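Shown next, in structure tokens, is the structure this report addresses.
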Amino acid sequence: MRLSILTSTITLAAAFVATSLMADGHLSLAGKRIGVAVVGTQHFWDREAFNGATSTVEKLGGEVVPVDGGRDNQVHADNHDVLLANKVDAVISILGDGAVEPKFEALKNAGIPVFTVDHPSPHGVNNTTSDNYYMGTTIGRYMADAIGGEGKVAVFNAFEGALRICGIRAGLWKYVLQDYPNIEIVQPELAEEFANAPEDARKKTLDLLSQYPEGTLDAIHVGCWDQPAIGVVQALEEAGRSDILVTALDGGPDTLEIMAEDGSPFVANVAQQPNLIGSTSAMNVARHFAGEKLLPQTYVDVYPVNGQAEAKAAYKSLGYGTLD
Amino acid sequence: MIAIQFVRKLLEWVPVAVFALMFIFLGIEAPTLFTPFTIDLMLKQAVPTVVVSLGLAVVIITGGDDVVSGGIDLSIPAAAIIAAAIIADQVTNHGTALPIALAFALLAAITVGALNAFLVVMIRMTPLLATLASSVAVVGITKMITQSKRINVTDPFIVFLRDGTVIGLSAGVVAAGLLTLIYWFLMHQTRWGMQAQATGGGREAADISGISTKRYQAISFLLAAFTGFLASMFVLARGSGSSPGTEENLLLEMVLATFLGAAFSPRRKVTVWGAALGAVLVAMLSVGFKSIGVNVFWTGCIKGALILIVVASAAATTRGRY
């Protein structure tokens, strides 16, 4: 039943996007050079958001000037200087930390409108992002349910203070847990690395497991994304620990595959649509040039994934293929 | 014999030729590259690399330019990021006044230099391994300080280094230019610098002529660590705060810049001005490749290959000299 609801919601959403695309048939970026800055292309999410943005700019007749930060926030920020020097007509900037803010300001001052993805900024025209509020609360409820409403939880939470989207997701996860007085968040929180996250999280989880012997830890949650969860699951397997559940956010194909395995400790996730997010941002650039007034934030739907069956269904519905 | 000398002469020019060709290519492909605006931007991006390269140049000049047994200091970027982390943590998380935070940072950086000096001069470890080890340790401590998290910095002085101008030029660029001048003067115009060069040129001969080579080498590591401290302010300015992982790129660019500078100097020796010039060239390459849309991983690959070409050419041309 739930599966068919998920499938039909996604179909409906796809139909909606298709109609809005048709309705936006007048939109064009012909003759425009659009800079697309992405923090990295190693991870599925980043790459898909980038692909969605660049392919849509091209579909609308624009020329893409791409720059890739190689998963280094400093390089990503510096790349905006290159776009400024190239005098592009607009910039789509995907992710990035506080280092990009002065760059956005410089672009704005030079008359180049900035459209952000997953990075709300006072210097941007519009930010296109997932419904992070829903993601945070949903994963909080799912995790609390999965451990029976009580127990100890460790969290990988390096970016709550650095990236607004992570502030929302991790903050609302904690907000939900306030209503579960018997769930305790292990202190200090863990901090994953931005680059090379799975391997880094694997090591940190192994350290954590040596501090918390069998039966003393109930779940490990990744507060803002799911790449570290790959390493967390690996560490649990290596240590032969089946007493700990894993939850995370993003729902890329790599983690949905892990969730779909029999007896997987990875039990809940919320899947985003990064390609649609990138594409929507590019549409917003065209809308801006067509003289439409944009809202500061455009939200793209997310899909909660609770358990193995839903992981398989979401994998199929999101067009990643089939898992059996 | 003449043929060998000829080949050696030819090899000396390989790095210069490679770079000349690359810039001609970039200039044609990216016409905006050599506009005043882009040049200013490249200079700004080069600032942290310029500063740490000055430090590496001092260590190599004093320790000798043999990559294994001579002087090298791979821990300068680590000293820079631990200093940056301390400043950011103190100013933003603890509300410490900037001068006090700077004092803490200076102390940390100098400790790194002193550790290197101890390991190399007293314990007689190979500089390459000693500074690699201290770099790894320092990066580890930095992660403990920042908990691998980003810390924003909005201190007016740091913002001035990023956005401010002095006599129409970027404040950071002016500061880096002045530092280059000071380090150049120290190493190439003072008696101290001459004796440091003598130490690097041949330690035994310098010892015989009464120079305390150990002291010179130890001080070179301290001077290098001091550039790490200075670079920390520019790292913070460039990133508007401290971000984990900044040291990796800085290390790559520092090594490339310093040895590249040697390839461009008349006697193929590491020099202070050569290192600064090298850092600017490296920044120009980075911006140039991005401007023509070269994938970031290819840029890393190209930089790595350039280090190989430059160092291999230096090794091939110096071999016959001793």
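Chain labels run A, B, ... following the order of the structure tokens; each chain numbers its residues from 1, and ligands are numbered from 1 in the order shown.
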For Cys166 (chain A), list every protein, DNA or RNA residue within 10 Å, evaluated using only C-alpha atoms, and leave out those in the same chain fewer than 3 positions away; present the list as a compact mmCIF listing (two decimals) with C-alpha atoms, in the first residue's frame.
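Okay, this is what ended up in out.txt:
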# COMPACT_ATOMS: atom_id res chain seq x y z
CA ASP A 118 21.37 24.05 -0.92
CA HIS A 119 22.95 27.28 0.30
CA ASN A 132 15.00 20.17 4.70
CA GLY A 136 14.95 16.54 9.61
CA ASN A 157 27.27 16.12 12.77
CA ALA A 158 30.25 18.12 11.45
CA PHE A 159 28.25 20.66 9.48
CA GLU A 160 25.36 21.72 11.72
CA GLY A 161 27.09 25.01 12.45
CA ALA A 162 28.73 25.53 9.05
CA LEU A 163 25.96 24.86 6.52
CA ARG A 169 18.27 18.90 9.24
CA ALA A 170 20.25 18.14 12.41
CA GLY A 171 18.43 20.81 14.42
CA LEU A 172 14.99 19.41 13.62
CA GLY A 223 22.97 14.36 10.53
CA CYS A 224 23.09 15.91 7.08
CA TRP A 225 23.92 13.41 4.33
* Asked: Where does DSSP see helix (DSSP H, G or I) in region 57-291 of chain B, if you list the residues as a PyMOL selection string?
  -> chain B and resi 57-63+76-93+98-122+127-146+156-163+171-189+191-201+203-208+213-239+246-264+272-291
Show me, as a tab-separated table, the residues of chain B having an atom within 6 Å of chain A, each with the closest atom pair and its distance in Å, using only C-alpha atoms.
residue	atom	partner	partner_atom	distance
B:Thr38	CA	A:Ala85	CA	5.8
B:Ser148	CA	A:Ala191	CA	6.0
B:Lys149	CA	A:Ala158	CA	5.5
B:Arg150	CA	A:Ala162	CA	5.9
B:Gly239	CA	A:Ala99	CA	4.8
B:Ser240	CA	A:Ala99	CA	5.2
B:Val296	CA	A:Asp68	CA	5.9
Run DSSP on the backbone and tell me which residues of region 28-184 of chain A come out as strand (DSSP E or B); list them as a PDB file with N, CA and C atoms, in the first residue's frame.
ATOM      1  N   ARG A  33      25.562  33.018 -21.030  1.00  0.00           N
ATOM      2  CA  ARG A  33      26.610  32.142 -20.496  1.00  0.00           C
ATOM      3  C   ARG A  33      26.365  31.998 -19.000  1.00  0.00           C
ATOM      4  N   ILE A  34      26.105  30.771 -18.573  1.00  0.00           N
ATOM      5  CA  ILE A  34      25.753  30.534 -17.172  1.00  0.00           C
ATOM      6  C   ILE A  34      26.890  29.759 -16.495  1.00  0.00           C
ATOM      7  N   GLY A  35      27.483  30.364 -15.483  1.00  0.00           N
ATOM      8  CA  GLY A  35      28.512  29.675 -14.715  1.00  0.00           C
ATOM      9  C   GLY A  35      27.850  28.689 -13.762  1.00  0.00           C
ATOM     10  N   VAL A  36      28.340  27.452 -13.739  1.00  0.00           N
ATOM     11  CA  VAL A  36      27.819  26.482 -12.774  1.00  0.00           C
ATOM     12  C   VAL A  36      28.993  26.031 -11.903  1.00  0.00           C
ATOM     13  N   ALA A  37      28.953  26.441 -10.631  1.00  0.00           N
ATOM     14  CA  ALA A  37      30.031  26.087  -9.697  1.00  0.00           C
ATOM     15  C   ALA A  37      29.517  24.999  -8.765  1.00  0.00           C
ATOM     16  N   VAL A  38      30.227  23.879  -8.729  1.00  0.00           N
ATOM     17  CA  VAL A  38      29.818  22.788  -7.836  1.00  0.00           C
ATOM     18  C   VAL A  38      30.998  22.458  -6.922  1.00  0.00           C
ATOM     19  N   GLU A  63      24.863  28.618 -22.666  1.00  0.00           N
ATOM     20  CA  GLU A  63      26.198  28.008 -22.671  1.00  0.00           C
ATOM     21  C   GLU A  63      26.641  27.850 -21.222  1.00  0.00           C
ATOM     22  N   VAL A  64      27.144  26.656 -20.877  1.00  0.00           N
ATOM     23  CA  VAL A  64      27.568  26.394 -19.494  1.00  0.00           C
ATOM     24  C   VAL A  64      29.061  26.694 -19.337  1.00  0.00           C
ATOM     25  N   VAL A  65      29.413  27.440 -18.286  1.00  0.00           N
ATOM     26  CA  VAL A  65      30.819  27.596 -17.903  1.00  0.00           C
ATOM     27  C   VAL A  65      30.977  26.844 -16.578  1.00  0.00           C
ATOM     28  N   PRO A  66      31.468  25.584 -16.629  1.00  0.00           N
ATOM     29  CA  PRO A  66      31.487  24.776 -15.410  1.00  0.00           C
ATOM     30  C   PRO A  66      32.775  24.953 -14.599  1.00  0.00           C
ATOM     31  N   VAL A  67      32.669  24.947 -13.284  1.00  0.00           N
ATOM     32  CA  VAL A  67      33.854  24.873 -12.414  1.00  0.00           C
ATOM     33  C   VAL A  67      33.565  23.908 -11.270  1.00  0.00           C
ATOM     34  N   ASP A  68      34.564  23.099 -10.951  1.00  0.00           N
ATOM     35  CA  ASP A  68      34.398  22.010  -9.989  1.00  0.00           C
ATOM     36  C   ASP A  68      35.409  22.199  -8.857  1.00  0.00           C
ATOM     37  N   ALA A  90      25.040  34.753 -15.404  1.00  0.00           N
ATOM     38  CA  ALA A  90      24.473  34.366 -14.108  1.00  0.00           C
ATOM     39  C   ALA A  90      25.282  33.196 -13.574  1.00  0.00           C
ATOM     40  N   VAL A  91      25.172  32.965 -12.265  1.00  0.00           N
ATOM     41  CA  VAL A  91      25.910  31.855 -11.648  1.00  0.00           C
ATOM     42  C   VAL A  91      24.945  30.963 -10.880  1.00  0.00           C
ATOM     43  N   ILE A  92      25.072  29.652 -11.109  1.00  0.00           N
ATOM     44  CA  ILE A  92      24.390  28.675 -10.256  1.00  0.00           C
ATOM     45  C   ILE A  92      25.477  28.077  -9.369  1.00  0.00           C
ATOM     46  N   SER A  93      25.315  28.202  -8.051  1.00  0.00           N
ATOM     47  CA  SER A  93      26.341  27.722  -7.137  1.00  0.00           C
ATOM     48  C   SER A  93      25.780  26.610  -6.267  1.00  0.00           C
ATOM     49  N   ILE A  94      26.406  25.441  -6.350  1.00  0.00           N
ATOM     50  CA  ILE A  94      25.880  24.257  -5.671  1.00  0.00           C
ATOM     51  C   ILE A  94      26.692  23.958  -4.415  1.00  0.00           C
ATOM     52  N   VAL A 114      23.164  35.592  -8.669  1.00  0.00           N
ATOM     53  CA  VAL A 114      23.613  34.296  -8.152  1.00  0.00           C
ATOM     54  C   VAL A 114      22.402  33.465  -7.748  1.00  0.00           C
ATOM     55  N   PHE A 115      22.355  32.227  -8.210  1.00  0.00           N
ATOM     56  CA  PHE A 115      21.301  31.279  -7.840  1.00  0.00           C
ATOM     57  C   PHE A 115      21.972  30.141  -7.101  1.00  0.00           C
ATOM     58  N   THR A 116      21.516  29.903  -5.889  1.00  0.00           N
ATOM     59  CA  THR A 116      22.202  28.899  -5.088  1.00  0.00           C
ATOM     60  C   THR A 116      21.404  27.608  -5.032  1.00  0.00           C
ATOM     61  N   VAL A 117      22.126  26.528  -4.787  1.00  0.00           N
ATOM     62  CA  VAL A 117      21.506  25.232  -4.546  1.00  0.00           C
ATOM     63  C   VAL A 117      21.979  24.771  -3.171  1.00  0.00           C
ATOM     64  N   ASN A 126      17.804  33.354  -5.540  1.00  0.00           N
ATOM     65  CA  ASN A 126      16.925  32.243  -5.157  1.00  0.00           C
ATOM     66  C   ASN A 126      17.778  31.059  -4.728  1.00  0.00           C
ATOM     67  N   ASN A 127      17.279  30.316  -3.750  1.00  0.00           N
ATOM     68  CA  ASN A 127      17.944  29.084  -3.335  1.00  0.00           C
ATOM     69  C   ASN A 127      17.008  27.918  -3.605  1.00  0.00           C
ATOM     70  N   THR A 128      17.474  26.957  -4.378  1.00  0.00           N
ATOM     71  CA  THR A 128      16.664  25.771  -4.636  1.00  0.00           C
ATOM     72  C   THR A 128      17.210  24.638  -3.785  1.00  0.00           C
ATOM     73  N   THR A 129      16.314  23.987  -3.069  1.00  0.00           N
ATOM     74  CA  THR A 129      16.760  23.026  -2.075  1.00  0.00           C
ATOM     75  C   THR A 129      15.654  22.010  -1.823  1.00  0.00           C
ATOM     76  N   SER A 130      16.000  20.936  -1.104  1.00  0.00           N
ATOM     77  CA  SER A 130      14.971  20.001  -0.674  1.00  0.00           C
ATOM     78  C   SER A 130      14.193  20.598   0.483  1.00  0.00           C
ATOM     79  N   GLY A 151      17.127   4.795  24.139  1.00  0.00           N
ATOM     80  CA  GLY A 151      18.469   4.268  23.911  1.00  0.00           C
ATOM     81  C   GLY A 151      19.484   5.364  23.660  1.00  0.00           C
ATOM     82  N   LYS A 152      20.709   4.909  23.354  1.00  0.00           N
ATOM     83  CA  LYS A 152      21.814   5.838  23.121  1.00  0.00           C
ATOM     84  C   LYS A 152      22.063   5.959  21.622  1.00  0.00           C
ATOM     85  N   VAL A 153      22.265   7.200  21.181  1.00  0.00           N
ATOM     86  CA  VAL A 153      22.469   7.451  19.755  1.00  0.00           C
ATOM     87  C   VAL A 153      23.728   8.288  19.559  1.00  0.00           C
ATOM     88  N   ALA A 154      24.610   7.842  18.647  1.00  0.00           N
ATOM     89  CA  ALA A 154      25.762   8.668  18.275  1.00  0.00           C
ATOM     90  C   ALA A 154      25.421   9.362  16.968  1.00  0.00           C
ATOM     91  N   VAL A 155      25.916  10.579  16.792  1.00  0.00           N
ATOM     92  CA  VAL A 155      25.590  11.309  15.567  1.00  0.00           C
ATOM     93  C   VAL A 155      26.839  11.907  14.926  1.00  0.00           C
ATOM     94  N   PHE A 156      26.959  11.710  13.608  1.00  0.00           N
ATOM     95  CA  PHE A 156      27.965  12.414  12.821  1.00  0.00           C
ATOM     96  C   PHE A 156      27.369  13.752  12.422  1.00  0.00           C
ATOM     97  N   ILE A 183      15.815   8.941  24.942  1.00  0.00           N
ATOM     98  CA  ILE A 183      16.871   8.823  23.928  1.00  0.00           C
ATOM     99  C   ILE A 183      17.973   9.811  24.283  1.00  0.00           C
ATOM    100  N   GLU A 184      19.190   9.288  24.375  1.00  0.00           N
ATOM    101  CA  GLU A 184      20.313  10.133  24.759  1.00  0.00           C
ATOM    102  C   GLU A 184      21.298  10.250  23.589  1.00  0.00           C
TER     103      GLU A 184
END
* **Residues near Leu306 (chain B), cut-off 10 Å, only C-alpha atoms, skip fewer than 2 positions along chain, as a PyMOL selection string** => chain B and resi 15+18-19+256+259-260+282+300-304+308-312
* Long-range neighbours of Ala108 (chain B) as a list in words, 8 Å cut-off, only C-alpha atoms, 2 positions minimum in chain -> Ala79, Ile82, Ala83, Phe104, Ala105, Leu106, Ile110, Thr111 and Val112 of chain B
Atoms to include: N, CA, C and O atoms. Write the selected residues as an mmCIF file, in the first residue's frame.
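What follows is the written file part.cif:
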data_model
loop_
_atom_site.group_PDB
_atom_site.id
_atom_site.type_symbol
_atom_site.label_atom_id
_atom_site.label_comp_id
_atom_site.auth_asym_id
_atom_site.auth_seq_id
_atom_site.Cartn_x
_atom_site.Cartn_y
_atom_site.Cartn_z
ATOM 1 N N ALA B 79 51.707 24.083 9.772
ATOM 2 C CA ALA B 79 51.885 25.162 10.748
ATOM 3 C C ALA B 79 50.900 26.291 10.449
ATOM 4 O O ALA B 79 50.314 26.887 11.359
ATOM 5 N N ILE B 82 47.303 25.124 11.519
ATOM 6 C CA ILE B 82 47.062 25.047 12.975
ATOM 7 C C ILE B 82 46.975 26.470 13.526
ATOM 8 O O ILE B 82 46.133 26.774 14.377
ATOM 9 N N ALA B 83 47.814 27.367 13.000
ATOM 10 C CA ALA B 83 47.738 28.761 13.440
ATOM 11 C C ALA B 83 46.391 29.362 13.051
ATOM 12 O O ALA B 83 45.742 30.040 13.858
ATOM 13 N N PHE B 104 48.914 33.303 20.478
ATOM 14 C CA PHE B 104 48.769 31.845 20.638
ATOM 15 C C PHE B 104 49.188 31.125 19.353
ATOM 16 O O PHE B 104 49.903 30.130 19.378
ATOM 17 N N ALA B 105 48.709 31.686 18.241
ATOM 18 C CA ALA B 105 48.976 31.057 16.942
ATOM 19 C C ALA B 105 50.470 31.071 16.645
ATOM 20 O O ALA B 105 51.034 30.080 16.169
ATOM 21 N N LEU B 106 51.106 32.201 16.951
ATOM 22 C CA LEU B 106 52.546 32.326 16.719
ATOM 23 C C LEU B 106 53.303 31.286 17.543
ATOM 24 O O LEU B 106 54.208 30.606 17.050
ATOM 25 N N ILE B 110 55.681 28.428 15.938
ATOM 26 C CA ILE B 110 57.099 28.375 16.296
ATOM 27 C C ILE B 110 57.442 27.033 16.952
ATOM 28 O O ILE B 110 58.524 26.484 16.749
ATOM 29 N N THR B 111 56.475 26.482 17.703
ATOM 30 C CA THR B 111 56.698 25.161 18.299
ATOM 31 C C THR B 111 56.908 24.117 17.204
ATOM 32 O O THR B 111 57.771 23.239 17.323
ATOM 33 N N VAL B 112 56.124 24.213 16.134
ATOM 34 C CA VAL B 112 56.289 23.280 15.018
ATOM 35 C C VAL B 112 57.703 23.432 14.439
ATOM 36 O O VAL B 112 58.406 22.434 14.204
#
* Asked: So what do you get for CA of Lys290 (chain B) versus CA of His80 (chain A), distance-wise?
  -> 10.5 Å
Determine, using only C-alpha atoms, which residues of region 172-212 of chain B have any atom at most 9 Å from an atom of region 55-58 of chain B, and tabulate each with its shortest atom pair and distance in Å to one decimal place, rows ordered by chain and then rising number, as CSV.
residue,atom,partner,partner_atom,distance
B:Tyr183,CA,B:Val58,CA,8.1
B:Met187,CA,B:Val58,CA,7.2
B:Ala196,CA,B:Val58,CA,8.7
Once you have the residues from the selection above, write them out as a compact mmCIF listing (two decimals), in the first residue's frame, restricted to all heavy atoms.
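Below is the file that was written, result08.txt:
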# COMPACT_ATOMS: atom_id res chain seq x y z
N TYR B 183 62.18 38.84 3.11
CA TYR B 183 62.87 37.55 3.09
C TYR B 183 64.00 37.55 2.06
O TYR B 183 65.04 36.94 2.27
CB TYR B 183 61.87 36.41 2.86
CG TYR B 183 61.34 35.83 4.15
CD1 TYR B 183 60.37 36.51 4.89
CD2 TYR B 183 61.81 34.62 4.66
CE1 TYR B 183 59.89 36.01 6.09
CE2 TYR B 183 61.33 34.11 5.85
CZ TYR B 183 60.38 34.80 6.57
OH TYR B 183 59.92 34.29 7.76
N MET B 187 67.90 36.86 3.04
CA MET B 187 68.63 35.70 2.53
C MET B 187 69.69 36.06 1.49
O MET B 187 70.65 35.33 1.30
CB MET B 187 67.65 34.67 1.91
CG MET B 187 66.71 34.02 2.90
SD MET B 187 67.53 33.34 4.37
CE MET B 187 68.42 31.94 3.68
N ALA B 196 74.14 31.53 5.48
CA ALA B 196 73.12 30.48 5.32
C ALA B 196 73.27 29.83 3.95
O ALA B 196 73.21 28.60 3.82
CB ALA B 196 71.72 31.08 5.47
* Would you mind listing what lies within 8 Å of Ala49 (chain A) as a ChimeraX atom specification, with only C-alpha atoms counted and same-chain residues fewer than 2 positions away left out? => /A:45-47,51-53,94,274-279
Can I get the selection written as a PDB file, in the first residue's frame, with N, CA and C atoms?
ATOM      1  N   TRP A  45      25.197  12.909  -5.112  1.00  0.00           N
ATOM      2  CA  TRP A  45      24.318  14.071  -4.953  1.00  0.00           C
ATOM      3  C   TRP A  45      24.877  15.288  -5.701  1.00  0.00           C
ATOM      4  N   ASP A  46      26.137  15.601  -5.448  1.00  0.00           N
ATOM      5  CA  ASP A  46      26.768  16.773  -6.063  1.00  0.00           C
ATOM      6  C   ASP A  46      26.739  16.648  -7.589  1.00  0.00           C
ATOM      7  N   ARG A  47      27.113  15.447  -8.046  1.00  0.00           N
ATOM      8  CA  ARG A  47      27.231  15.213  -9.482  1.00  0.00           C
ATOM      9  C   ARG A  47      25.874  15.345 -10.164  1.00  0.00           C
ATOM     10  N   ASN A  51      24.745  17.850 -12.922  1.00  0.00           N
ATOM     11  CA  ASN A  51      24.247  17.385 -14.223  1.00  0.00           C
ATOM     12  C   ASN A  51      22.880  17.977 -14.531  1.00  0.00           C
ATOM     13  N   GLY A  52      22.018  18.015 -13.504  1.00  0.00           N
ATOM     14  CA  GLY A  52      20.679  18.565 -13.706  1.00  0.00           C
ATOM     15  C   GLY A  52      20.751  20.028 -14.132  1.00  0.00           C
ATOM     16  N   ALA A  53      21.626  20.786 -13.474  1.00  0.00           N
ATOM     17  CA  ALA A  53      21.745  22.209 -13.785  1.00  0.00           C
ATOM     18  C   ALA A  53      22.344  22.417 -15.177  1.00  0.00           C
ATOM     19  N   ILE A  94      26.406  25.441  -6.350  1.00  0.00           N
ATOM     20  CA  ILE A  94      25.880  24.257  -5.671  1.00  0.00           C
ATOM     21  C   ILE A  94      26.692  23.958  -4.415  1.00  0.00           C
ATOM     22  N   PRO A 274      18.309  15.173  -6.439  1.00  0.00           N
ATOM     23  CA  PRO A 274      19.330  16.178  -6.763  1.00  0.00           C
ATOM     24  C   PRO A 274      19.293  16.659  -8.213  1.00  0.00           C
ATOM     25  N   ASN A 275      18.984  15.735  -9.141  1.00  0.00           N
ATOM     26  CA  ASN A 275      18.961  16.144 -10.548  1.00  0.00           C
ATOM     27  C   ASN A 275      17.862  17.185 -10.770  1.00  0.00           C
ATOM     28  N   LEU A 276      16.695  16.918 -10.171  1.00  0.00           N
ATOM     29  CA  LEU A 276      15.570  17.843 -10.310  1.00  0.00           C
ATOM     30  C   LEU A 276      15.887  19.181  -9.631  1.00  0.00           C
ATOM     31  N   ILE A 277      16.620  19.127  -8.516  1.00  0.00           N
ATOM     32  CA  ILE A 277      16.995  20.359  -7.816  1.00  0.00           C
ATOM     33  C   ILE A 277      17.882  21.223  -8.713  1.00  0.00           C
ATOM     34  N   GLY A 278      18.903  20.603  -9.314  1.00  0.00           N
ATOM     35  CA  GLY A 278      19.807  21.341 -10.213  1.00  0.00           C
ATOM     36  C   GLY A 278      19.050  21.906 -11.396  1.00  0.00           C
ATOM     37  N   SER A 279      18.188  21.060 -11.952  1.00  0.00           N
ATOM     38  CA  SER A 279      17.411  21.454 -13.116  1.00  0.00           C
ATOM     39  C   SER A 279      16.458  22.609 -12.771  1.00  0.00           C
TER      40      SER A 279
END
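By chain and then residue number, the residues within 12 Å of Met125 (chain B) are Val68, Ser69, Gly70, Gly71, Ile72, Leu115, Asn116, Ala117, Phe118, Leu119, Val120, Val121, Leu129, Ala130, Thr131, Leu132, Ala133 and Ser134 of chain B, counting only C-alpha atoms and disregarding those fewer than 4 positions away in sequence.
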For the residues in the current selection, export N, CA, C and O atoms as a CSV table (one decimal), in the first residue's frame.
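The result, stored in out_33.csv:
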chain,number,residue,atom,x,y,z
B,68,VAL,N,66.6,14.8,-1.0
B,68,VAL,CA,66.6,13.9,0.1
B,68,VAL,C,67.4,14.3,1.3
B,68,VAL,O,67.0,14.5,2.4
B,69,SER,N,68.7,14.7,1.0
B,69,SER,CA,69.6,15.0,2.1
B,69,SER,C,69.7,16.5,2.4
B,69,SER,O,70.2,16.9,3.5
B,70,GLY,N,69.2,17.3,1.5
B,70,GLY,CA,69.2,18.7,1.8
B,70,GLY,C,68.1,19.2,2.7
B,70,GLY,O,67.6,18.5,3.4
B,71,GLY,N,67.8,20.5,2.5
B,71,GLY,CA,66.8,21.1,3.4
B,71,GLY,C,65.4,21.0,2.7
B,71,GLY,O,65.3,21.2,1.5
B,72,ILE,N,64.4,20.6,3.4
B,72,ILE,CA,63.0,20.6,2.9
B,72,ILE,C,62.1,20.7,4.2
B,72,ILE,O,62.5,20.2,5.2
B,115,LEU,N,60.3,22.0,16.8
B,115,LEU,CA,60.2,20.5,16.7
B,115,LEU,C,61.0,20.0,15.5
B,115,LEU,O,61.9,19.1,15.6
B,116,ASN,N,60.8,20.7,14.4
B,116,ASN,CA,61.5,20.3,13.1
B,116,ASN,C,63.0,20.5,13.3
B,116,ASN,O,63.8,19.6,13.0
B,117,ALA,N,63.4,21.6,13.9
B,117,ALA,CA,64.8,21.9,14.1
B,117,ALA,C,65.4,20.8,15.0
B,117,ALA,O,66.5,20.3,14.7
B,118,PHE,N,64.7,20.5,16.1
B,118,PHE,CA,65.2,19.5,17.0
B,118,PHE,C,65.4,18.1,16.3
B,118,PHE,O,66.4,17.5,16.4
B,119,LEU,N,64.4,17.7,15.5
B,119,LEU,CA,64.4,16.4,14.9
B,119,LEU,C,65.5,16.3,13.8
B,119,LEU,O,66.2,15.3,13.7
B,120,VAL,N,65.7,17.4,13.1
B,120,VAL,CA,66.7,17.4,12.0
B,120,VAL,C,68.1,17.7,12.5
B,120,VAL,O,69.0,17.0,12.2
B,121,VAL,N,68.3,18.7,13.3
B,121,VAL,CA,69.6,19.1,13.7
B,121,VAL,C,70.1,18.3,14.9
B,121,VAL,O,71.3,17.8,14.8
B,129,LEU,N,61.5,13.3,6.0
B,129,LEU,CA,60.7,12.4,6.9
B,129,LEU,C,60.3,13.2,8.2
B,129,LEU,O,59.2,13.1,8.6
B,130,ALA,N,61.2,13.9,8.8
B,130,ALA,CA,61.0,14.6,10.0
B,130,ALA,C,59.8,15.6,9.8
B,130,ALA,O,58.8,15.6,10.6
B,131,THR,N,59.8,16.4,8.7
B,131,THR,CA,58.8,17.4,8.6
B,131,THR,C,57.5,16.8,8.1
B,131,THR,O,56.4,17.3,8.4
B,132,LEU,N,57.6,15.6,7.4
B,132,LEU,CA,56.4,14.9,7.0
B,132,LEU,C,55.7,14.4,8.2
B,132,LEU,O,54.4,14.6,8.4
B,133,ALA,N,56.5,13.9,9.2
B,133,ALA,CA,55.9,13.3,10.4
B,133,ALA,C,55.3,14.5,11.2
B,133,ALA,O,54.1,14.4,11.7
B,134,SER,N,56.0,15.6,11.4
B,134,SER,CA,55.4,16.6,12.2
B,134,SER,C,54.2,17.2,11.5
B,134,SER,O,53.3,17.6,12.2
* To do: List the neighbours of Tyr133 (chain A) out to 12 Å using only C-alpha atoms; skip same-chain residues closer than 6 positions along the sequence, and give me the result as an NGL selection string.
  => :A and (139-140 or 164-176 or 224 or 270 or 299-302)
* Between CA of Gln272 (chain A) and CA of Val233 (chain A) - distance in Å to one decimal -> 20.6 Å
